[in-house]
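Structure file my_file_32.txt with compact mmCIF, C-alpha atoms and all ligand atoms:
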# COMPACT_ATOMS: atom_id res chain seq x y z
CA MET A 27 0.00 0.00 0.00
CA SER A 28 1.45 3.28 -1.04
CA THR A 29 1.01 6.25 1.25
CA ALA A 30 1.43 8.58 -1.71
CA TYR A 31 -2.21 8.13 -2.67
CA ASP A 32 -4.97 10.07 -1.04
CA HIS A 33 -8.33 9.13 -2.56
CA ARG A 34 -9.67 12.67 -2.07
CA ARG A 35 -6.93 14.25 -4.17
CA LEU A 36 -6.99 11.47 -6.78
CA GLY A 37 -10.78 11.46 -6.91
CA ARG A 38 -10.74 15.09 -7.92
CA GLU A 39 -7.77 14.75 -10.31
CA LEU A 40 -9.27 11.74 -12.06
CA GLY A 41 -12.72 13.30 -12.22
CA LEU A 42 -14.38 10.54 -10.19
CA PHE A 43 -16.22 12.46 -7.46
CA ASP A 44 -16.27 15.77 -5.65
CA THR A 45 -18.18 17.74 -3.06
CA ASP A 46 -19.75 21.15 -2.86
CA PRO A 47 -20.17 23.11 0.37
CA LEU A 48 -23.72 23.91 -0.71
CA ILE A 49 -24.57 20.21 -0.74
CA GLY A 50 -22.67 19.69 2.48
CA ALA A 51 -19.82 17.89 4.16
CA GLY A 52 -19.85 14.12 3.81
CA LEU A 53 -22.26 14.27 0.85
CA PRO A 54 -20.13 13.65 -2.26
CA TYR A 55 -21.49 13.53 -5.79
CA TRP A 56 -20.19 11.23 -8.53
CA LEU A 57 -18.85 12.51 -11.85
CA PRO A 58 -19.32 10.46 -15.06
CA ASP A 59 -16.06 8.48 -14.73
CA GLY A 60 -16.76 7.80 -11.05
CA ALA A 61 -20.30 6.75 -11.87
CA THR A 62 -18.89 4.35 -14.48
CA VAL A 63 -16.60 2.70 -11.90
CA ARG A 64 -19.50 2.53 -9.46
CA HIS A 65 -21.83 0.93 -12.04
CA ALA A 66 -19.21 -1.72 -12.85
CA LEU A 67 -18.77 -2.46 -9.15
CA GLU A 68 -22.51 -2.62 -8.49
CA GLU A 69 -23.09 -4.85 -11.51
CA TYR A 70 -20.33 -7.20 -10.34
CA VAL A 71 -21.88 -7.46 -6.89
CA ARG A 72 -25.42 -8.02 -8.16
CA ALA A 73 -24.28 -10.70 -10.62
CA ALA A 74 -22.25 -12.46 -7.89
CA GLU A 75 -25.26 -12.35 -5.59
CA ARG A 76 -27.63 -13.69 -8.24
CA ALA A 77 -25.21 -16.55 -8.94
CA ALA A 78 -25.13 -17.33 -5.21
CA GLY A 79 -28.91 -17.56 -4.96
CA TYR A 80 -29.73 -14.10 -3.61
CA ARG A 81 -32.88 -12.25 -4.72
CA HIS A 82 -32.83 -8.46 -4.87
CA VAL A 83 -35.35 -6.07 -3.39
CA TYR A 84 -35.75 -2.31 -3.12
CA SER A 85 -36.91 -0.57 0.01
CA PRO A 86 -37.29 3.12 0.93
CA VAL A 87 -34.55 5.03 2.72
CA LEU A 88 -37.02 6.32 5.32
CA GLY A 89 -39.15 4.64 7.94
CA LYS A 90 -41.27 5.54 10.92
CA ARG A 91 -39.46 6.08 14.20
CA GLU A 92 -41.49 3.17 15.60
CA LEU A 93 -39.75 0.78 13.18
CA TYR A 94 -36.37 1.58 14.74
CA GLU A 95 -37.80 1.40 18.24
CA ILE A 96 -38.81 -2.19 17.47
CA SER A 97 -35.47 -3.08 15.83
CA GLY A 98 -33.56 -1.64 18.78
CA HIS A 99 -31.70 0.99 16.72
CA TRP A 100 -33.51 3.81 18.52
CA SER A 101 -32.29 2.82 21.98
CA HIS A 102 -28.86 1.45 21.00
CA TYR A 103 -27.79 3.42 17.94
CA SER A 104 -29.59 6.80 17.97
CA ASP A 105 -26.32 8.75 18.41
CA ASP A 106 -25.49 7.79 14.82
CA MET A 107 -28.95 8.56 13.42
CA PHE A 108 -30.33 11.76 11.92
CA PRO A 109 -33.00 13.44 14.04
CA PRO A 110 -36.57 12.48 13.12
CA MET A 111 -38.70 14.61 10.80
CA ASP A 112 -42.23 15.52 11.86
CA MET A 113 -44.69 14.64 9.12
CA GLY A 114 -48.43 15.01 9.70
CA GLY A 115 -48.43 13.81 13.27
CA GLU A 116 -45.85 11.05 12.85
CA GLN A 117 -42.08 10.97 12.83
CA LEU A 118 -39.99 9.71 9.94
CA VAL A 119 -36.33 8.78 10.23
CA LEU A 120 -33.60 8.43 7.59
CA ARG A 121 -32.72 4.81 8.06
CA PRO A 122 -29.47 3.87 9.82
CA SER A 123 -29.51 0.36 8.29
CA LEU A 124 -31.51 -1.82 5.93
CA CYS A 125 -32.23 -4.72 8.28
CA PRO A 126 -35.57 -3.50 9.68
CA HIS A 127 -37.02 -3.03 6.17
CA HIS A 128 -35.83 -6.49 5.14
CA ALA A 129 -37.30 -8.04 8.28
CA LEU A 130 -40.65 -6.50 7.35
CA ILE A 131 -40.40 -7.73 3.76
CA TYR A 132 -39.70 -11.23 5.08
CA ARG A 133 -42.64 -10.94 7.49
CA SER A 134 -45.05 -9.80 4.77
CA ARG A 135 -45.36 -13.38 3.43
CA SER A 136 -45.51 -16.71 5.17
CA HIS A 137 -42.47 -18.93 4.64
CA SER A 138 -42.04 -22.67 4.65
CA HIS A 139 -38.79 -24.28 5.85
CA ARG A 140 -38.35 -25.36 2.23
CA GLU A 141 -37.74 -21.71 1.22
CA LEU A 142 -34.82 -21.36 3.61
CA PRO A 143 -32.15 -20.16 3.41
CA LEU A 144 -33.91 -17.10 1.97
CA ARG A 145 -31.27 -14.65 0.77
CA MET A 146 -32.49 -11.06 0.37
CA ALA A 147 -30.10 -8.47 -1.07
CA GLU A 148 -30.24 -4.75 -1.73
CA LEU A 149 -27.75 -2.09 -2.73
CA GLY A 150 -29.52 0.61 -0.81
CA GLY A 151 -29.12 3.98 0.84
CA MET A 152 -28.68 4.55 4.55
CA TYR A 153 -27.65 7.56 6.60
CA ARG A 154 -25.24 8.29 9.40
CA SER A 155 -25.17 11.57 11.32
CA GLU A 156 -21.38 11.96 11.15
CA LEU A 157 -20.69 15.29 12.83
CA SER A 158 -17.30 15.49 11.16
CA GLY A 159 -18.04 14.35 7.62
CA VAL A 160 -14.72 14.93 5.89
CA LEU A 161 -15.26 17.28 2.99
CA GLY A 162 -14.02 15.87 -0.28
CA GLY A 163 -13.76 12.29 0.87
CA LEU A 164 -15.66 9.09 0.31
CA SER A 165 -14.51 7.25 3.41
CA ARG A 166 -16.56 9.22 5.96
CA VAL A 167 -19.91 10.12 4.50
CA ARG A 168 -23.38 10.89 5.78
CA ALA A 169 -25.21 9.23 2.89
CA VAL A 170 -24.08 5.64 2.41
CA GLN A 171 -24.91 3.23 -0.40
CA LEU A 172 -24.58 -0.17 1.21
CA ASN A 173 -24.11 -3.54 -0.47
CA ASP A 174 -26.28 -5.34 2.04
CA ALA A 175 -28.02 -8.69 2.37
CA HIS A 176 -29.89 -10.63 5.00
CA ILE A 177 -30.13 -14.38 4.97
CA PHE A 178 -33.10 -15.77 6.85
CA CYS A 179 -32.25 -19.35 7.76
CA THR A 180 -32.45 -22.11 10.33
CA LEU A 181 -29.88 -22.40 13.08
CA ASP A 182 -28.38 -25.41 11.28
CA GLN A 183 -27.85 -23.36 8.11
CA VAL A 184 -26.03 -20.42 9.70
CA GLU A 185 -22.54 -21.86 9.44
CA GLU A 186 -22.86 -22.77 5.76
CA GLU A 187 -24.35 -19.38 4.89
CA ALA A 188 -21.69 -17.42 6.80
CA HIS A 189 -19.00 -19.55 5.19
CA GLY A 190 -20.51 -18.91 1.73
CA ALA A 191 -20.51 -15.17 2.42
CA LEU A 192 -16.82 -15.24 3.37
CA GLU A 193 -16.07 -17.11 0.14
CA MET A 194 -17.91 -14.42 -1.87
CA ILE A 195 -15.80 -11.80 -0.10
CA ARG A 196 -12.57 -13.62 -0.97
CA ARG A 197 -13.56 -13.91 -4.64
CA ALA A 198 -14.54 -10.24 -4.77
CA TYR A 199 -11.21 -9.13 -3.27
CA ARG A 200 -9.35 -11.17 -5.89
CA ALA A 201 -11.31 -9.47 -8.69
CA LEU A 202 -10.80 -6.04 -7.11
CA GLY A 203 -7.08 -6.59 -6.62
CA ILE A 204 -7.27 -5.78 -2.90
CA ALA A 205 -6.25 -7.72 0.18
CA PRO A 206 -7.67 -7.72 3.70
CA ALA A 207 -5.37 -6.33 6.40
CA ARG A 208 -6.93 -8.74 8.88
CA TYR A 209 -10.07 -10.59 9.85
CA ARG A 210 -11.61 -9.42 13.09
CA LEU A 211 -14.06 -11.29 15.27
CA SER A 212 -15.93 -8.32 16.73
CA LEU A 213 -17.36 -8.96 20.18
CA PRO A 214 -19.39 -6.81 22.57
CA GLY A 215 -17.64 -4.64 25.14
CA ALA A 216 -18.63 -2.93 28.34
CA GLY A 217 -21.46 -0.42 28.49
CA GLY A 218 -25.11 -0.31 27.49
CA LYS A 219 -24.52 -0.25 23.72
CA TYR A 220 -25.36 -3.93 23.35
CA ILE A 221 -28.56 -5.87 23.87
CA ALA A 222 -28.48 -7.89 27.07
CA ALA A 223 -28.85 -11.56 26.18
CA PRO A 224 -25.66 -13.41 27.20
CA GLU A 225 -26.82 -16.82 25.96
CA LEU A 226 -27.56 -15.47 22.45
CA TRP A 227 -24.19 -13.71 22.27
CA ARG A 228 -22.45 -16.91 23.33
CA ARG A 229 -24.19 -19.00 20.64
CA ALA A 230 -23.67 -16.46 17.88
CA THR A 231 -19.99 -16.06 18.80
CA ALA A 232 -19.48 -19.84 18.80
CA LEU A 233 -21.02 -20.06 15.32
CA LEU A 234 -18.81 -17.33 13.85
CA THR A 235 -15.71 -18.76 15.52
CA GLY A 236 -16.52 -22.11 13.90
CA VAL A 237 -16.83 -20.45 10.48
CA LEU A 238 -13.47 -18.67 10.86
CA GLU A 239 -11.76 -21.88 12.00
CA ARG A 240 -13.26 -23.83 9.09
CA SER A 241 -12.14 -21.17 6.60
CA GLY A 242 -8.61 -21.41 7.98
CA LEU A 243 -8.39 -17.62 8.20
CA PRO A 244 -6.15 -15.97 10.78
CA TYR A 245 -8.25 -13.66 12.93
CA GLU A 246 -8.19 -11.59 16.08
CA ALA A 247 -11.04 -11.29 18.56
CA VAL A 248 -11.65 -7.66 19.56
CA GLU A 249 -14.06 -6.53 22.26
CA GLY A 250 -16.25 -3.48 21.84
CA GLU A 251 -16.65 -3.74 18.04
CA ALA A 252 -19.81 -5.87 17.71
CA ALA A 253 -23.11 -4.64 16.28
CA PHE A 254 -25.55 -3.86 19.09
CA TYR A 255 -27.57 -6.97 18.15
CA GLY A 256 -24.80 -9.51 17.63
CA PRO A 257 -21.15 -10.38 16.99
CA LYS A 258 -19.55 -9.98 13.54
CA VAL A 259 -16.69 -11.12 11.40
CA ASP A 260 -15.23 -7.89 9.99
CA VAL A 261 -12.85 -7.80 7.07
CA GLN A 262 -10.48 -4.92 7.78
CA VAL A 263 -8.57 -2.86 5.23
CA VAL A 264 -5.96 -0.15 5.75
CA ASP A 265 -5.98 3.14 3.82
CA GLY A 266 -3.07 5.15 2.43
CA ALA A 267 -2.62 6.96 5.75
CA GLY A 268 -2.52 3.68 7.69
CA ARG A 269 -6.03 3.99 9.11
CA GLU A 270 -7.92 0.74 9.47
CA SER A 271 -11.59 0.41 8.62
CA THR A 272 -14.15 -2.31 8.02
CA LEU A 273 -15.04 -3.05 4.41
CA SER A 274 -16.90 -6.36 4.50
CA THR A 275 -18.82 -8.03 7.29
CA VAL A 276 -20.72 -11.19 8.24
CA GLN A 277 -22.97 -11.07 11.30
CA VAL A 278 -25.19 -13.49 13.17
CA ASP A 279 -28.35 -12.01 14.67
CA PHE A 280 -30.87 -13.73 16.94
CA HIS A 281 -32.20 -10.40 18.19
CA GLN A 282 -34.08 -8.81 15.27
CA PRO A 283 -35.95 -12.02 14.28
CA GLU A 284 -37.24 -12.03 17.87
CA ARG A 285 -38.13 -8.33 17.89
CA PHE A 286 -40.02 -8.59 14.59
CA ALA A 287 -41.57 -11.94 15.57
CA LEU A 288 -40.35 -13.58 12.34
CA HIS A 289 -41.16 -17.20 11.74
CA TYR A 290 -41.21 -20.00 9.23
CA VAL A 291 -43.33 -23.11 9.15
CA GLY A 292 -41.21 -26.15 9.93
CA ALA A 293 -41.53 -29.72 8.64
CA ASP A 294 -43.53 -30.39 11.81
CA GLY A 295 -46.13 -27.80 10.79
CA ALA A 296 -45.24 -25.57 13.76
CA LYS A 297 -43.85 -22.04 13.71
CA HIS A 298 -40.11 -21.60 14.25
CA ARG A 299 -37.89 -18.55 14.59
CA PRO A 300 -35.34 -18.02 11.78
CA VAL A 301 -31.86 -16.59 12.36
CA MET A 302 -30.73 -13.51 10.39
CA VAL A 303 -27.25 -13.53 8.90
CA HIS A 304 -26.31 -9.98 7.86
CA ARG A 305 -23.53 -9.76 5.31
CA SER A 306 -21.86 -7.24 3.06
CA VAL A 307 -19.38 -8.26 0.36
CA ILE A 308 -17.86 -4.87 -0.52
CA GLY A 309 -19.35 -2.80 2.30
CA SER A 310 -20.45 0.66 1.24
CA VAL A 311 -19.86 1.67 -2.35
CA GLU A 312 -18.24 4.89 -1.08
CA ARG A 313 -15.67 3.21 1.12
CA ALA A 314 -15.00 0.48 -1.45
CA VAL A 315 -14.24 3.02 -4.19
CA ALA A 316 -12.13 5.14 -1.80
CA HIS A 317 -10.09 2.05 -1.01
CA LEU A 318 -9.79 1.01 -4.67
CA VAL A 319 -8.60 4.48 -5.67
CA GLU A 320 -5.89 4.43 -3.01
CA GLN A 321 -4.92 0.82 -3.63
CA HIS A 322 -4.52 1.20 -7.38
CA GLY A 323 -3.66 4.89 -7.61
CA GLY A 324 -6.38 5.19 -10.25
CA ALA A 325 -5.03 2.26 -12.34
CA PHE A 326 -8.14 0.13 -11.82
CA PRO A 327 -8.47 -3.50 -12.95
CA ALA A 328 -9.67 -3.41 -16.59
CA TRP A 329 -13.25 -4.41 -15.74
CA LEU A 330 -13.55 -1.35 -13.44
CA ALA A 331 -11.61 1.21 -15.49
CA PRO A 332 -13.66 4.21 -16.70
CA THR A 333 -11.89 3.90 -20.07
CA GLN A 334 -10.71 0.38 -20.84
CA LEU A 335 -9.10 0.90 -24.22
CA VAL A 336 -7.68 4.02 -25.81
CA LEU A 337 -7.27 4.00 -29.59
CA LEU A 338 -4.30 6.00 -30.82
CA PRO A 339 -4.23 6.71 -34.57
CA VAL A 340 -0.70 7.84 -35.41
CA SER A 341 -1.94 10.39 -37.96
CA ALA A 342 -5.20 11.79 -39.31
CA GLY A 343 -5.10 9.09 -42.00
CA GLU A 344 -5.98 6.40 -39.43
CA MET A 345 -8.80 8.31 -37.74
CA ALA A 346 -11.57 6.54 -39.68
CA ASN A 347 -10.07 3.18 -38.81
CA ALA A 348 -9.92 4.10 -35.11
CA GLY A 349 -13.50 5.35 -35.20
CA GLU A 350 -14.73 2.06 -36.65
CA LEU A 351 -12.88 0.11 -33.99
CA ALA A 352 -14.33 2.34 -31.24
CA ALA A 353 -17.81 1.63 -32.60
CA ARG A 354 -17.08 -2.10 -32.56
CA CYS A 355 -15.96 -1.83 -28.91
CA ALA A 356 -19.13 0.05 -27.98
CA GLU A 357 -21.21 -2.73 -29.57
CA LEU A 358 -19.35 -5.25 -27.40
CA GLY A 359 -19.90 -3.16 -24.28
CA LEU A 360 -16.26 -2.12 -23.96
CA ARG A 361 -15.44 1.44 -22.95
CA ALA A 362 -13.10 2.70 -25.69
CA GLU A 363 -12.02 6.19 -26.56
CA VAL A 364 -10.18 7.61 -29.58
CA ALA A 365 -7.30 10.00 -28.80
CA GLY A 366 -6.38 11.45 -32.18
CA PRO A 367 -3.34 13.46 -33.32
CA GLU A 368 -5.18 16.72 -32.57
CA ARG A 369 -4.47 15.89 -28.91
CA GLY A 370 -0.71 16.03 -29.33
CA SER A 371 2.21 13.78 -30.19
CA LEU A 372 1.82 10.01 -29.89
CA GLY A 373 4.17 10.02 -26.89
CA ALA A 374 2.15 12.71 -25.13
CA ARG A 375 -1.11 10.85 -25.80
CA ILE A 376 0.35 7.59 -24.46
CA ARG A 377 1.49 9.39 -21.29
CA GLU A 378 -1.93 10.95 -20.89
CA ALA A 379 -3.53 7.50 -21.15
CA ARG A 380 -1.10 5.89 -18.67
CA LEU A 381 -3.95 4.74 -16.36
CA VAL A 382 -5.93 3.16 -19.23
CA PRO A 383 -5.29 -0.61 -19.17
CA TYR A 384 -5.05 -1.04 -22.97
CA GLN A 385 -3.58 1.38 -25.52
CA ALA A 386 -3.93 0.41 -29.17
CA VAL A 387 -1.64 2.25 -31.59
CA ILE A 388 -2.81 2.33 -35.21
CA GLY A 389 -0.26 3.41 -37.83
CA ALA A 390 -0.67 3.30 -41.62
CA ARG A 391 0.59 -0.30 -41.83
CA GLU A 392 -1.74 -1.49 -39.02
CA ALA A 393 -4.70 0.36 -40.55
CA ALA A 394 -4.15 -1.33 -43.93
CA ALA A 395 -4.17 -4.79 -42.32
CA ASP A 396 -6.91 -4.11 -39.70
CA HIS A 397 -4.27 -4.61 -37.05
CA VAL A 398 -3.36 -2.71 -33.89
CA ALA A 399 -0.09 -2.55 -31.94
CA LEU A 400 -1.21 -3.11 -28.37
CA ARG A 401 0.54 -1.60 -25.35
CA LEU A 402 -0.46 -2.68 -21.88
CA ARG A 403 -0.54 -0.30 -18.93
CA ASP A 404 2.11 -2.41 -17.18
CA GLY A 405 4.61 -1.61 -19.94
CA ARG A 406 4.28 -4.76 -22.05
CA ARG A 407 4.04 -4.30 -25.80
CA LEU A 408 2.59 -6.79 -28.24
CA GLU A 409 3.41 -7.18 -31.91
CA PRO A 410 0.74 -5.81 -34.26
CA ARG A 411 -2.15 -8.25 -34.45
CA SER A 412 -5.72 -8.46 -35.67
CA ALA A 413 -7.88 -5.73 -34.11
CA VAL A 414 -10.85 -8.11 -33.94
CA ASP A 415 -8.77 -10.61 -32.00
CA VAL A 416 -7.43 -7.97 -29.60
CA VAL A 417 -10.89 -6.65 -28.82
CA ALA A 418 -12.27 -10.18 -28.28
CA ARG A 419 -9.43 -11.01 -25.87
CA ILE A 420 -9.95 -7.80 -23.90
CA ARG A 421 -13.67 -8.54 -23.72
CA ALA A 422 -12.92 -12.02 -22.35
CA ARG A 423 -10.58 -10.67 -19.67
CA VAL A 424 -13.13 -8.07 -18.63
CA ASP A 425 -15.82 -10.79 -18.42
CA ASP A 426 -13.50 -12.86 -16.20
CA HIS A 427 -12.93 -9.85 -13.89
CA SER A 428 -9.25 -10.62 -14.27
CA VAL A 429 -6.69 -8.35 -12.63
CA ASP A 430 -4.07 -9.55 -15.14
CA LEU A 431 -4.19 -7.53 -18.33
CA TRP A 432 -3.02 -10.34 -20.61
CA GLU A 433 -2.01 -13.98 -20.58
CA SER A 434 0.83 -14.00 -18.07
CA ALA A 435 3.02 -16.17 -20.29
CA VAL A 436 2.39 -15.15 -23.88
CA PRO A 437 3.69 -17.98 -26.10
CA ALA A 438 6.85 -16.87 -27.90
CA GLY A 439 5.24 -17.29 -31.32
CA GLU A 440 2.56 -14.79 -30.46
CA LEU A 441 4.82 -11.95 -29.50
ZN ZN B 1 -28.42 -5.82 8.55
Show me the file's structure as structure tokens.
Amino acid sequence: MSTAYDHRRLGRELGLFDTDPLIGAGLPYWLPDGATVRHALEEYVRAAERAAGYRHVYSPVLGKRELYEISGHWSHYSDDMFPPMDMGGEQLVLRPSLCPHHALIYRSRSHSHRELPLRMAELGGMYRSELSGVLGGLSRVRAVQLNDAHIFCTLDQVEEEAHGALEMIRRAYRALGIAPARYRLSLPGAGGKYIAAPELWRRATALLTGVLERSGLPYEAVEGEAAFYGPKVDVQVVDGAGRESTLSTVQVDFHQPERFALHYVGADGAKHRPVMVHRSVIGSVERAVAHLVEQHGGAFPAWLAPTQLVLLPVSAGEMANAGELAARCAELGLRAEVAGPERGSLGARIREARLVPYQAVIGAREAAADHVALRLRDGRRLEPRSAVDVVARIRARVDDHSVDLWESAVPAGEL
């Protein structure tokens, strides 16, 4: 991890996001290139969730104060919540988490044990009343877009579901080119922040410990870091300034199913209480992108890059050729851009595109043969080859969410 990168500075330089004092501290907006990175990230997460059997929902970012009184947020978490808004005799609150809405969605239908584990996911907004929202940053924000999910399951299914969530997290980190600093088993500490139910804490902690042991992951148990309703496995990352924060999390919750009187109908025909496993693969979109920017210094893996391929016609004579290739890329869903000679010398244009994973140079000879001379961001250069072939290979690497830009060992004959 380089300390030279500060995501706030890079975010502005790269045109990813910014803030305005009139919108307010801790309330960043996303510029087109930042929105492109965010879309790619969100699409990755949703596709991974669909493949793992999750179903997506949408729920509103507000709820009645009563909802959070039932969930326990009001008595245990109100310091982090925005003050309620009076609306026609009732009070509405910007939600501090998605769980209460998901509990209500679960409760709105009856469920048989055959439907469990029921995996409900949402990339949704939530709000935190940070008093010191850092202006210009994505890591401490007041409006959070959370990659969240709740798995409603039987006690017997908790371990498998938590294990599956940790596996999703490991796959996502590989695709994102990031590494956890450590795994933390977050336990309750002293004080009234936590619900008082020692037996439930003990069971939930034993379950998560079992999952960590089975995964073979090194972890540290830390007191005072649990959610108010249950213990968590937190995946910790460290930013450019050496500050640690939680990106991903897996939590076991016996409390909210009880508070919302959730049930499923068992094989015996009787009503049983499900367990809620809360999990987030990439955490909040804001913190994930802040971390990616710092980790990669703006040189994102190809599947996340705002521009994936820059086409560099050597002279005006190859502009038409480059334009056709850009159109072909757009058809294939690749983000390509033409940087023509009007933007300076070839060397200057290559330097300007140094963060773009693929740079395709098209000279007169390449244009005549429908070839390109491909340069990779990591400095590798390939012999001129068929443009169609190059584009198809880039498409395949993007589809694989590969962090490697090309085959690691290119056969000698191909170079
Ligand atoms: Zn939750």
Of the residues A:Val336, A:Leu192, A:Val291, A:Ala205, which is the one nearest to Gly242 (chain A), using all atoms listed in the file? A:Leu192
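Rounded to one decimal, CA of Gly151 (chain A) and CA of Asp265 (chain A) lie 23.3 Å from each other.
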Calculate how many Å separate CA of Arg369 (chain A) from CA of Glu39 (chain A), rounding to one decimal. 18.9 Å
Name each residue within 10 Å of ligand ZN 1 (chain B), counting only C-alpha atoms and all ligand atoms, as a list in words. Pro122, Ser123, Leu124, Cys125, Pro126, His127, His128, Ala129, Asp174, Ala175, His176, Ile177, Ala253, Tyr255, Thr275, Val276, Gln277, Val278, Asp279, Gln282, Met302, Val303, His304, Arg305 and Ser306 of chain A
Find the residues around region 79-83 of chain A up to 9 Å (all atoms listed in the file counted), leave out those fewer than 6 positions away in its own chain, and share them as a VMD selection string. chain A and resid 72 128 131 144 to 149 175 177
Near Gly324 (chain A), within 10 Å and counting only C-alpha atoms, which residues show up once chain neighbours fewer than 6 positions away are dropped, as a PyMOL selection string? chain A and resi 31+33+36-37+39-40+42+318+331-332+380-382
Spatial neighbours of Val319 (chain A), 12 Å, all atoms listed in the file, chain gap at least 5 places, as a PyMOL selection string: chain A and resi 27-43+60+63-64+163-165+202-204+265-266+312-314+324-327+330-331+381
Contacts of region 94-101 of chain A within 12 Å, all atoms listed in the file, excl. fewer than 3 positions in-chain, as a ChimeraX atom specification: /A:88-91,104-110,117-130,218-222,253-256,279-287
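For the atom pair formed by CA of Asp430 (chain A) and CA of Ala267 (chain A), the distance is 26.7 Å, given to one decimal.
Distance check against Arg299 (chain A) using only C-alpha atoms: of A:Ala74, A:Ala328, A:Ser138, A:Ala413, the minimum falls on A:Ser138.
Distance annotation: of A:Val315, A:Arg166, A:Gly215, A:Ala395, the residue with the minimal separation from Trp56 (chain A) is A:Val315; atom set is all atoms listed in the file.
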Name the residues in contact with Leu402 (chain A) at a cut-off of 8 Å, using only C-alpha atoms, excluding same-chain residues fewer than 5 positions from it; report them as a tab-separated table (two decimals) with C-alpha atoms, in the coordinates of the input.
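Contents of selection-v3.tsv, freshly written:
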chain	number	residue	atom	x	y	z
A	383	PRO	CA	-5.29	-0.61	-19.17
A	384	TYR	CA	-5.05	-1.04	-22.97
A	385	GLN	CA	-3.58	1.38	-25.52
A	407	ARG	CA	4.04	-4.30	-25.80
A	431	LEU	CA	-4.19	-7.53	-18.33
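Closest to Val264 (chain A) among A:Glu368, A:Glu320, A:Asp59, A:Glu344 is A:Glu320, based on only C-alpha atoms.
Candidate residues A:Asp260, A:Asp294, A:Glu186, A:Glu249 were compared for distance to Ala216 (chain A), and the nearest is A:Glu249, using all atoms listed in the file.
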Taking all atoms listed in the file into account, which of A:Leu408, A:Glu363, A:His139, A:Ala394 comes nearest Cys179 (chain A)? A:His139
Once 3 Å is added on each side, what are the centre and the three edge lengths, in Å to one decimal, of the axis-aligned box enclosing the listed atoms of region 351-366 of chain A? Present them as AutoDock Vina command-line options.
--center_x -13.8 --center_y 3.1 --center_z -28.5 --size_x 20.8 --size_y 22.7 --size_z 17.0
